[in-house]
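K.L.:
This one is structure-v3.cif, mmCIF, C-alpha atoms.
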```cif
data_upload
loop_
_atom_site.label_atom_id
_atom_site.label_comp_id
_atom_site.auth_asym_id
_atom_site.auth_seq_id
_atom_site.Cartn_x
_atom_site.Cartn_y
_atom_site.Cartn_z
CA MET R 198 6.11 -8.59 22.23
CA ALA R 199 8.02 -8.08 18.97
CA GLU R 200 6.38 -9.05 15.72
CA GLY R 201 6.91 -12.67 14.76
CA MET R 202 8.75 -13.95 11.73
CA VAL R 203 6.67 -14.51 8.60
CA ILE R 204 7.24 -17.54 6.38
CA ALA R 205 5.44 -17.19 3.05
CA VAL R 206 4.32 -20.27 1.10
CA LEU R 207 3.70 -19.48 -2.57
CA GLY R 208 3.16 -21.54 -5.68
CA ALA R 209 0.95 -22.25 -8.66
CA GLU R 210 -2.35 -24.02 -8.14
CA SER R 211 -2.36 -27.59 -6.88
CA THR R 212 1.23 -27.48 -5.65
CA GLY R 213 0.42 -28.30 -2.03
CA LYS R 214 0.64 -24.82 -0.50
CA SER R 215 -2.11 -25.26 2.08
CA THR R 216 -0.99 -28.75 3.04
CA LEU R 217 2.59 -27.58 3.46
CA ALA R 218 1.57 -24.49 5.44
CA LEU R 219 -0.40 -26.54 7.96
CA ALA R 220 2.36 -29.13 8.22
CA LEU R 221 4.92 -26.40 8.89
CA GLN R 222 2.69 -24.91 11.56
CA ALA R 223 2.46 -28.25 13.35
CA ALA R 224 6.16 -29.02 13.01
CA LEU R 225 7.34 -25.64 14.27
CA ALA R 226 4.75 -25.53 17.06
CA ALA R 227 6.06 -28.90 18.24
CA GLU R 228 9.38 -27.14 18.87
CA GLY R 229 7.65 -25.00 21.48
CA ARG R 230 6.99 -21.85 19.50
CA ARG R 231 3.74 -19.95 19.09
CA VAL R 232 2.90 -20.48 15.44
CA ALA R 233 -0.06 -19.09 13.49
CA CYS R 234 -1.16 -20.16 10.02
CA VAL R 235 -2.96 -17.54 7.92
CA GLY R 236 -5.18 -19.09 5.28
CA GLU R 237 -5.83 -17.99 1.73
CA VAL R 238 -8.28 -15.08 1.53
CA LEU R 239 -8.93 -15.79 -2.15
CA ARG R 240 -10.26 -19.24 -1.27
CA GLU R 241 -12.60 -17.72 1.30
CA PHE R 242 -13.83 -15.21 -1.27
CA CYS R 243 -14.59 -17.91 -3.84
CA ASP R 244 -16.39 -20.06 -1.26
CA ALA R 245 -18.45 -17.12 0.00
CA HIS R 246 -19.41 -15.67 -3.40
CA GLY R 247 -19.56 -18.80 -5.53
CA ARG R 248 -17.31 -17.21 -8.14
CA THR R 249 -13.80 -15.92 -8.70
CA PRO R 250 -13.05 -12.22 -8.07
CA ARG R 251 -13.56 -9.49 -10.61
CA GLN R 252 -10.69 -7.16 -11.42
CA HIS R 253 -11.80 -4.38 -9.08
CA GLU R 254 -12.02 -6.85 -6.18
CA GLN R 255 -8.46 -8.10 -6.45
CA ALA R 256 -6.84 -5.21 -4.57
CA GLY R 257 -9.14 -5.68 -1.58
CA ILE R 258 -8.35 -9.39 -1.38
CA ALA R 259 -4.61 -8.69 -1.54
CA ALA R 260 -4.88 -6.02 1.16
CA ASP R 261 -6.90 -8.32 3.41
CA GLN R 262 -4.31 -11.07 3.00
CA THR R 263 -1.57 -8.67 4.10
CA ARG R 264 -3.63 -7.33 7.02
CA ARG R 265 -4.28 -10.83 8.35
CA ILE R 266 -0.61 -11.76 8.14
CA ASP R 267 0.44 -8.57 9.94
CA ALA R 268 -2.19 -9.10 12.64
CA ALA R 269 -1.11 -12.69 13.22
CA ALA R 270 2.51 -11.60 13.59
CA ILE R 271 1.53 -9.79 16.79
CA GLY R 272 1.46 -12.38 19.52
CA HIS R 273 3.12 -15.24 17.64
CA HIS R 274 6.75 -16.20 17.20
CA ILE R 275 6.13 -17.41 13.65
CA VAL R 276 3.42 -16.86 11.05
CA ILE R 277 2.99 -19.30 8.17
CA ALA R 278 1.28 -17.42 5.33
CA ASP R 279 -0.63 -19.68 2.95
CA THR R 280 0.01 -17.29 0.03
CA THR R 281 0.59 -13.54 0.20
CA ALA R 282 -0.50 -10.52 -1.81
CA VAL R 283 2.13 -11.40 -4.43
CA GLN R 284 0.02 -14.40 -5.40
CA ILE R 285 -2.98 -12.10 -5.99
CA ALA R 286 -0.82 -9.73 -8.03
CA VAL R 287 0.25 -12.64 -10.23
CA TYR R 288 -3.36 -13.75 -10.74
CA SER R 289 -4.33 -10.17 -11.63
CA GLU R 290 -1.67 -10.09 -14.32
CA MET R 291 -2.59 -13.56 -15.61
CA VAL R 292 -6.34 -13.03 -15.77
CA PHE R 293 -6.76 -9.30 -16.31
CA GLY R 294 -3.40 -8.10 -17.61
CA ASP R 295 -3.27 -5.83 -14.57
CA ARG R 296 0.18 -5.27 -13.02
CA SER R 297 -0.90 -2.52 -10.63
CA LEU R 298 -0.91 -4.73 -7.53
CA TYR R 299 2.77 -5.67 -7.64
CA ALA R 300 4.23 -2.58 -5.97
CA GLU R 301 2.25 -2.89 -2.75
CA ALA R 302 2.39 -6.68 -2.78
CA LEU R 303 6.18 -6.71 -3.00
CA ARG R 304 6.49 -4.11 -0.25
CA ALA R 305 4.54 -6.49 1.97
CA GLN R 306 6.54 -9.48 0.74
CA ALA R 307 9.77 -7.78 1.77
CA ARG R 308 8.65 -8.12 5.39
CA CYS R 309 8.70 -11.93 5.07
CA SER R 310 11.79 -13.55 6.48
CA HIS R 311 11.45 -16.63 4.26
CA THR R 312 9.60 -17.34 1.03
CA LEU R 313 9.03 -20.95 -0.01
CA LEU R 314 7.97 -21.62 -3.60
CA CYS R 315 6.25 -24.97 -4.11
CA ALA R 316 7.58 -26.90 -7.10
CA LEU R 317 5.39 -28.24 -9.89
CA ASP R 318 6.12 -31.86 -9.04
CA LEU R 319 2.69 -32.74 -7.62
CA PRO R 320 -0.16 -33.90 -9.88
CA TRP R 321 -2.83 -31.34 -10.64
CA VAL R 322 -6.10 -31.95 -8.77
CA ALA R 323 -9.40 -30.17 -9.40
CA ASP R 324 -10.64 -27.94 -6.57
CA GLY R 325 -13.77 -26.14 -7.71
CA LEU R 326 -13.48 -22.44 -8.49
CA GLN R 327 -9.97 -22.30 -7.11
CA ARG R 328 -8.32 -23.98 -10.08
CA ASP R 329 -8.30 -23.29 -13.80
CA GLY R 330 -6.36 -26.34 -15.01
CA PRO R 331 -2.85 -27.76 -15.23
CA HIS R 332 -2.05 -25.54 -18.22
CA VAL R 333 -1.85 -22.43 -16.02
CA ARG R 334 0.67 -23.79 -13.55
CA GLU R 335 3.85 -23.08 -15.49
CA PRO R 336 2.81 -19.50 -16.44
CA VAL R 337 1.91 -18.73 -12.81
CA ASP R 338 5.17 -20.29 -11.60
CA THR R 339 7.10 -18.14 -14.08
CA LEU R 340 5.37 -14.94 -12.97
CA LEU R 341 6.01 -15.72 -9.32
CA ARG R 342 9.69 -16.35 -9.97
CA THR R 343 9.98 -13.19 -12.05
CA ALA R 344 8.41 -11.03 -9.37
CA LEU R 345 10.53 -12.49 -6.58
CA GLN R 346 13.81 -12.54 -8.51
CA ARG R 347 13.65 -9.09 -10.06
CA HIS R 348 11.72 -7.05 -7.54
CA GLY R 349 11.45 -8.88 -4.25
CA PRO R 350 13.24 -10.93 -1.61
CA GLY R 351 14.86 -14.27 -2.33
CA TYR R 352 12.99 -17.55 -2.30
CA ALA R 353 13.66 -21.26 -2.04
CA VAL R 354 12.00 -23.99 -4.08
CA VAL R 355 10.64 -26.96 -2.13
CA ALA R 356 9.69 -30.26 -3.72
CA GLY R 357 8.87 -33.83 -2.81
CA GLN R 358 5.85 -35.92 -1.85
CA GLY R 359 4.23 -35.81 1.59
CA GLN R 360 6.72 -35.78 4.44
CA HIS R 361 9.57 -35.30 2.00
CA ARG R 362 8.12 -31.92 1.01
CA LEU R 363 7.83 -30.89 4.65
CA ALA R 364 11.38 -32.09 5.34
CA ALA R 365 12.65 -30.06 2.38
CA ALA R 366 10.91 -26.93 3.66
CA LEU R 367 12.27 -27.38 7.18
CA ALA R 368 15.75 -27.93 5.76
CA VAL R 369 15.48 -24.65 3.88
CA LEU R 370 14.51 -22.78 7.02
CA HIS R 371 17.32 -24.23 9.10
CA ASN R 372 19.97 -24.06 6.38
CA ALA R 373 19.14 -20.48 5.45
CA ALA R 374 19.85 -19.30 8.98
CA PRO R 375 20.62 -21.61 11.92
CA ALA R 376 18.62 -19.43 14.34
CA ALA R 377 15.99 -18.44 11.82
CA THR R 378 13.05 -19.86 13.70
CA ALA R 379 14.16 -18.29 17.00
CA SER R 380 14.74 -14.64 16.16
CA PRO R 381 12.20 -12.96 13.86
CA GLN R 382 13.15 -10.52 11.11
CA THR R 383 16.87 -10.67 11.83
CA THR R 384 18.22 -12.40 8.75
CA ARG R 385 17.72 -11.72 5.04
CA TRP R 386 18.65 -14.50 2.68
CA HIS R 387 18.70 -15.35 -0.99
CA TRP R 388 18.70 -19.02 -1.91
CA VAL R 389 16.70 -20.31 -4.82
CA CYS R 390 17.81 -23.92 -4.79
CA GLU R 391 20.71 -26.00 -3.66
CA ARG R 392 22.28 -25.91 -7.10
CA CYS R 393 22.23 -22.60 -8.93
CA GLY R 394 18.83 -20.92 -8.91
CA ASP R 395 18.23 -21.68 -12.58
CA PRO R 396 14.65 -22.98 -13.03
CA ASP R 397 15.95 -25.37 -15.70
CA CYS R 398 17.89 -27.27 -13.07
CA GLU R 399 14.60 -28.25 -11.43
CA ARG R 400 13.18 -30.05 -14.45
CA HIS R 401 14.15 -33.38 -12.93
CA LEU R 402 11.49 -32.67 -10.27
CA LEU R 403 8.62 -32.54 -12.74
CA PRO R 404 6.46 -35.60 -13.44
CA ARG R 405 7.40 -37.32 -16.65
CA PRO R 406 4.71 -37.18 -19.38
#
```
Rewrite the coordinates I just gave you, this time as structure tokens.

P.N.:
Amino acid sequence: MAEGMVIAVLGAESTGKSTLALALQAALAAEGRRVACVGEVLREFCDAHGRTPRQHEQAGIAADQTRRIDAAAIGHHIVIADTTAVQIAVYSEMVFGDRSLYAEALRAQARCSHTLLCALDLPWVADGLQRDGPHVREPVDTLLRTALQRHGPGYAVVAGQGQHRLAAALAVLHNAAPAATASPQTTRWHWVCERCGDPDCERHLLPRP
């Protein structure tokens, strides 16, 4: 069968990526489609090694993330990717000042039919080695937006608590292309938010200090 459509879920730490990815898998599977959810390879690495990756290990993690997404796309209508190689490229720039992973990561990202960027409206929650602190969320969010706006496919910001976040993501998918979840890789789209795509217009989504 043809390769399935890939929906990428990106975002800074503690923005609900994994929760949203699993919720999307369940919601879309309930519509009768074969849906796979590819988890975050970085999380597996940290759990297995008891530490975060070193610089020379970043490229392998990014490549493995892409390989798993590509493999899942064979035999499924839809693949929900809980992060992609672009997320690893952003971490490499943040932590090591290394921008060398972007080119390959964005080539892989271009194969995604939809990219959802989780807003910073959820409270930060500690999660072991996976998270550095709330202070890194805005810089990571900025790097993700920069990569996707200047060098990659479009993206849509999703916000809201619990079921509202899921509803926002589903609305993006259906509004971007009415038949998006039925015909993989047929439609390219560029929609950042329902207003203008200016990150400043999303400040009302952020928790008040």

K.L.:
Calculated over all atoms listed in the file, which of the candidates R:Arg362, R:His348, R:Arg308, R:His246 has the smallest distance to Lys214 of chain R?

P.N.:
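The answer is R:Arg362, which sits nearest to Lys214 of chain R.
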
K.L.:
Run through the PyMOL selection byres ((chain R and resi 306) around 8) on the given coordinates and return the selected residues as a ChimeraX atom specification.

P.N.:
/R:281-283,302-305,307-309,349-350

K.L.:
Compare R:Val333, R:Ala260, R:Ala269, R:Ala353 by their minimum atom-to-atom distance to Glu200 of chain R, counting all atoms listed in the file, and give me the closest one.

P.N.:
R:Ala269

K.L.:
Evaluated on this file, the PyMOL selection byres ((chain R and resi 240) around 12) picks out some residues - which ones are they, written as a PyMOL selection string?

P.N.:
chain R and resi 210+215+235-239+241-250+258-259+262+279-280+285+324-328

K.L.:
Taking 3 positions as the minimum chain separation for residues in the same chain, which residues sit within 10 Å of Ala365 of chain R when counting all atoms listed in the file? Answer as a PyMOL selection string.

P.N.:
chain R and resi 353-358+360-362+368-370

K.L.:
Could you jot down the atom CA of Gly201 of chain R to atom CA of Ala233 of chain R separation for me, Å, one decimal place?

P.N.:
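Result for atom CA of Gly201 of chain R versus atom CA of Ala233 of chain R: 9.6 Å, one decimal.
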
K.L.:
Ranking R:Leu341, R:Ala278, R:Ala226, R:Val292 by minimum distance to Ala316 of chain R and counting all atoms listed in the file, which one comes first?

P.N.:
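The answer is R:Leu341, which sits nearest to Ala316 of chain R.
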
K.L.:
So the first atom is atom CA of Gly359 of chain R and the second is atom CA of Leu217 of chain R; what is the distance between them in Å, to one decimal place?

P.N.:
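For atom CA of Gly359 of chain R relative to atom CA of Leu217 of chain R, the distance reads 8.6 Å.
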
K.L.:
State, in Å with one decimal place, the distance from atom CA of Arg296 of chain R to atom CA of Val337 of chain R.

P.N.:
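Interatomic distance, atom CA of Arg296 of chain R to atom CA of Val337 of chain R: 13.6 Å.
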
K.L.:
With only C-alpha atoms as the basis for distance, which of R:Ala270, R:Ala218, R:Ala286, R:Leu225 is at the shortest distance from Ser310 of chain R?

P.N.:
R:Ala270

K.L.:
Need the axis-aligned box for segment 289-299 of chain R with 4 Å each side, so what are the centre and edges in Å to one decimal, as lines of an AutoDock Vina configuration file?

P.N.:
```
center_x = -2.0
center_y = -8.0
center_z = -12.6
size_x = 17.5
size_y = 19.0
size_z = 18.1
```

K.L.:
On this structure, which residues satisfy the PyMOL selection byres ((chain R and resi 317) around 7), written as a VMD selection string?

P.N.:
chain R and resid 212 315 to 316 318 to 319 403

K.L.:
Using only C-alpha atoms, can you tell me which of R:His371, R:Arg334, R:Arg342, R:His311 comes closest to Val206 of chain R?

P.N.:
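Among R:His371, R:Arg334, R:Arg342, R:His311, it is R:His311 that comes nearest to Val206 of chain R.
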
K.L.:
Looking at R:Leu363, R:Ala209, R:Ile204, R:Leu340, which one is nearest to Ile266 of chain R, with distances taken over only C-alpha atoms?

P.N.:
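For Ile266 of chain R, the nearest of the given residues is R:Ile204.
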